[in-house]
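Next comes my_file38.tsv, with TSV, C-alpha atoms.
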```tsv
chain	number	residue	atom	x	y	z
H	1	MET	CA	-26.01	50.06	-26.98
H	2	ARG	CA	-27.28	48.08	-29.86
H	3	LEU	CA	-27.87	44.39	-29.70
H	4	PHE	CA	-27.18	42.53	-32.86
H	5	ILE	CA	-28.97	39.31	-33.32
H	6	PHE	CA	-27.62	37.08	-35.96
H	7	SER	CA	-30.01	34.68	-37.36
H	8	LEU	CA	-28.45	31.58	-38.77
H	9	GLY	CA	-30.59	29.38	-40.80
H	10	SER	CA	-31.43	25.85	-39.87
H	11	GLN	CA	-29.16	24.75	-42.66
H	12	TYR	CA	-26.15	25.71	-40.47
H	13	THR	CA	-27.49	25.32	-36.94
H	14	ILE	CA	-28.60	21.69	-37.02
H	15	PRO	CA	-25.42	20.33	-38.65
H	16	ALA	CA	-23.31	22.36	-36.22
H	17	MET	CA	-25.23	20.93	-33.25
H	18	LYS	CA	-24.78	17.41	-34.62
H	19	LEU	CA	-21.07	18.03	-35.07
H	20	VAL	CA	-20.66	19.33	-31.51
H	21	GLY	CA	-22.75	16.44	-30.15
H	22	GLY	CA	-20.59	13.94	-32.02
H	23	ALA	CA	-17.44	15.58	-30.68
H	24	PHE	CA	-18.77	15.34	-27.11
H	25	ARG	CA	-19.67	11.65	-27.59
H	26	THR	CA	-16.19	10.93	-28.97
H	27	THR	CA	-14.56	12.79	-26.08
H	28	LEU	CA	-16.66	10.89	-23.55
H	29	ALA	CA	-15.85	7.54	-25.18
H	30	LEU	CA	-12.12	8.32	-25.13
H	31	LYS	CA	-12.27	9.38	-21.48
H	32	ASN	CA	-14.08	6.18	-20.54
H	33	LYS	CA	-11.54	4.12	-22.45
H	34	TYR	CA	-8.67	5.94	-20.71
H	35	ILE	CA	-10.21	5.44	-17.28
H	36	THR	CA	-10.70	1.74	-17.98
H	37	GLU	CA	-7.06	1.38	-19.10
H	38	VAL	CA	-5.77	3.24	-16.03
H	39	ASN	CA	-7.90	1.05	-13.80
H	40	GLU	CA	-6.65	-2.17	-15.40
H	41	GLN	CA	-2.99	-1.21	-15.72
H	42	VAL	CA	-2.39	0.94	-12.62
H	43	VAL	CA	-5.10	0.73	-9.98
H	44	LYS	CA	-5.77	-3.02	-10.10
H	45	PRO	CA	-2.09	-4.05	-9.69
H	46	LEU	CA	-1.68	-1.60	-6.81
H	47	ASP	CA	-4.86	-2.88	-5.18
H	48	ASP	CA	-3.69	-6.48	-5.53
H	49	PHE	CA	-0.34	-5.51	-4.01
H	50	LEU	CA	-2.06	-3.89	-1.04
H	51	LYS	CA	-4.28	-6.92	-0.48
H	52	THR	CA	-1.47	-9.48	-0.52
H	53	ASP	CA	2.01	-8.19	0.28
H	54	LEU	CA	1.04	-5.32	2.55
H	55	LYS	CA	-1.34	-7.55	4.51
H	56	GLU	CA	1.45	-10.08	5.11
H	57	PHE	CA	3.75	-7.29	6.31
H	58	LYS	CA	1.12	-5.91	8.69
H	59	GLU	CA	0.60	-9.35	10.23
H	60	SER	CA	4.36	-9.74	10.70
H	61	LYS	CA	4.51	-6.30	12.29
H	62	LYS	CA	1.81	-7.31	14.79
H	63	VAL	CA	3.81	-10.42	15.74
H	64	TYR	CA	6.92	-8.27	16.12
H	65	ASP	CA	5.11	-5.75	18.34
H	66	LYS	CA	3.80	-8.53	20.60
H	67	ALA	CA	7.26	-10.12	20.86
H	68	LEU	CA	8.80	-6.73	21.66
H	69	GLU	CA	6.24	-6.05	24.36
H	70	LYS	CA	6.79	-9.49	25.91
H	71	TYR	CA	10.57	-9.06	25.77
H	72	GLU	CA	10.43	-5.63	27.40
H	73	SER	CA	8.17	-6.87	30.21
H	74	THR	CA	10.40	-9.91	30.81
H	75	LEU	CA	13.49	-7.69	30.81
H	76	ALA	CA	11.89	-5.28	33.30
H	77	LYS	CA	10.89	-8.22	35.49
H	78	TYR	CA	14.43	-9.63	35.32
H	79	ASN	CA	16.06	-6.29	36.11
H	80	GLY	CA	13.63	-5.61	38.95
H	81	GLN	CA	14.19	-8.82	40.83
H	82	SER	CA	16.24	-9.00	43.96
H	83	ARG	CA	19.76	-10.35	43.65
H	84	GLN	CA	19.31	-12.01	47.02
H	85	LYS	CA	17.20	-14.79	45.48
H	86	GLU	CA	18.45	-18.30	45.11
H	87	ALA	CA	20.77	-18.99	42.21
H	88	SER	CA	18.31	-21.44	40.65
H	89	ALA	CA	15.54	-18.81	40.63
H	90	LEU	CA	17.89	-16.26	39.07
H	91	ARG	CA	18.97	-18.81	36.49
H	92	GLU	CA	15.33	-19.63	35.67
H	93	GLU	CA	14.56	-15.93	35.12
H	94	ALA	CA	17.65	-15.62	32.92
H	95	PHE	CA	16.50	-18.59	30.81
H	96	GLN	CA	13.06	-17.03	30.38
H	97	LEU	CA	14.69	-13.76	29.36
H	98	TYR	CA	16.89	-15.62	26.89
H	99	ASP	CA	13.88	-17.40	25.33
H	100	THR	CA	11.83	-14.21	24.96
H	101	ARG	CA	14.88	-12.37	23.58
H	102	LYS	CA	15.40	-15.15	21.06
H	103	ALA	CA	11.73	-14.97	19.97
H	104	TYR	CA	11.99	-11.18	19.75
H	105	ILE	CA	15.10	-11.31	17.55
H	106	GLN	CA	13.51	-13.90	15.26
H	107	SER	CA	10.37	-11.82	14.83
H	108	ALA	CA	12.46	-8.67	14.25
H	109	MET	CA	14.48	-10.41	11.54
H	110	SER	CA	11.33	-11.80	9.94
H	111	CYS	CA	9.74	-8.35	9.94
H	112	ALA	CA	12.90	-6.79	8.49
H	113	MET	CA	13.04	-9.36	5.70
H	114	LEU	CA	9.39	-8.76	4.87
H	115	CYS	CA	10.06	-5.03	4.84
H	116	ILE	CA	12.85	-5.50	2.32
H	117	ARG	CA	10.68	-7.82	0.22
H	118	LEU	CA	7.81	-5.33	0.42
H	119	GLN	CA	10.02	-2.50	-0.79
H	120	ASP	CA	11.42	-4.63	-3.61
H	121	GLY	CA	7.94	-5.73	-4.67
H	122	LEU	CA	6.68	-2.16	-4.64
H	123	ASP	CA	9.66	-1.00	-6.70
H	124	GLN	CA	9.05	-3.75	-9.26
H	125	LEU	CA	5.34	-2.97	-9.36
H	126	ILE	CA	5.89	0.74	-9.93
H	127	LEU	CA	8.50	0.10	-12.61
H	128	GLY	CA	6.22	-2.41	-14.28
H	129	VAL	CA	3.26	-0.03	-14.26
H	130	VAL	CA	5.20	3.00	-15.49
H	131	SER	CA	7.45	1.34	-18.04
H	132	THR	CA	4.89	-0.71	-19.96
H	133	ASP	CA	4.56	0.13	-23.65
H	134	LYS	CA	0.82	0.41	-23.42
H	135	ALA	CA	0.80	2.47	-20.22
H	136	PRO	CA	-1.89	5.14	-20.36
H	137	LEU	CA	0.20	7.63	-18.42
```
Could you show the structure in this file as structure tokens?
Amino acid sequence: MRLFIFSLGSQYTIPAMKLVGGAFRTTLALKNKYITEVNEQVVKPLDDFLKTDLKEFKESKKVYDKALEKYESTLAKYNGQSRQKEASALREEAFQLYDTRKAYIQSAMSCAMLCIRLQDGLDQLILGVVSTDKAPL
């Protein structure tokens, strides 16, 4: 098998290397510009959304979970008590159950409203990111 070695003169090699190097620099500059645009137009708004709206929802969810736990324990306590107790003691337990149930319902409604607002905000954010005229995607 013969090996052919082509010898190109420096008159072609050096300009070709400069041309390829320039093309690589241009490609790298365009990639960096694209990454910067994606970061500013997509990643930053999503990150801001996660830091504000999602944090508020998580805090509301924690309040809801605590209210649910307290309601369930109060309900179990109420259901487990003897019906032979005095009427005033039964009434007092019923009032406590009513108050914890009321707090539970309020926290559930608050959490549900934040969930709806979170979904709406996320929908608006995604539409805003995708439908912009200068979107890099």
Quiz item: What is the atom CA of H:Tyr104 to atom CA of H:Tyr71 distance in Å?
Solution: 6.5 Å
Exercise. Find the distance between atom CA of H:Val129 and atom CA of H:Gln41 and write it in Å to one decimal.
Key: 6.5 Å
Exercise. Rank nothing, just name the residue among H:Glu86, H:Asp48, H:Glu56, H:Asp99 nearest to H:Leu125, using only C-alpha atoms.
Key: H:Asp48
Self-check item: Distance of atom CA of H:Asp47 from atom CA of H:Gly121, expressed in Å to one decimal place
Solution: 13.1 Å
Give me, as a PDB file with C-alpha atoms, keeping the file's coordinate frame, all polymer residues having an atom no more than 9 Å from H:Glu93, counting all atoms listed in the file and skipping those fewer than 3 positions away in the same chain.
```pdb
ATOM      1  CA  THR H  74      10.400  -9.910  30.810  1.00  0.00           C
ATOM      2  CA  LYS H  77      10.890  -8.220  35.490  1.00  0.00           C
ATOM      3  CA  TYR H  78      14.430  -9.630  35.320  1.00  0.00           C
ATOM      4  CA  SER H  88      18.310 -21.440  40.650  1.00  0.00           C
ATOM      5  CA  ALA H  89      15.540 -18.810  40.630  1.00  0.00           C
ATOM      6  CA  LEU H  90      17.890 -16.260  39.070  1.00  0.00           C
ATOM      7  CA  GLN H  96      13.060 -17.030  30.380  1.00  0.00           C
ATOM      8  CA  LEU H  97      14.690 -13.760  29.360  1.00  0.00           C
ATOM      9  CA  TYR H  98      16.890 -15.620  26.890  1.00  0.00           C
TER      10      TYR H  98
END
```
Practice problem: For stretch 63-68 of chain H, please output as a list in words all residues within 10 Å (counting all atoms listed in the file; exclusion window: fewer than 5 positions along the same chain). | Solution: Phe57, Lys58, Ser73, Thr74, Thr100, Arg101, Lys102, Ala103, Tyr104, Ile105, Gln106, Ser107, Ala108, Met109, Ser110, Cys111 and Ala112 of chain H
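Here the question is which of H:Lys51, H:Pro45, H:Lys18, H:Ala76 gets nearest to H:Ile126 using only C-alpha atoms, and that residue is H:Pro45.
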Around stretch 50-54 of chain H, fit a box with edges along x, y and z, padding it by 5 Å on each side, then list its centre and edge lengths in Å to one decimal as lines of an AutoDock Vina configuration file.
```
center_x = -1.1
center_y = -6.7
center_z = 0.8
size_x = 16.3
size_y = 15.6
size_z = 13.6
```
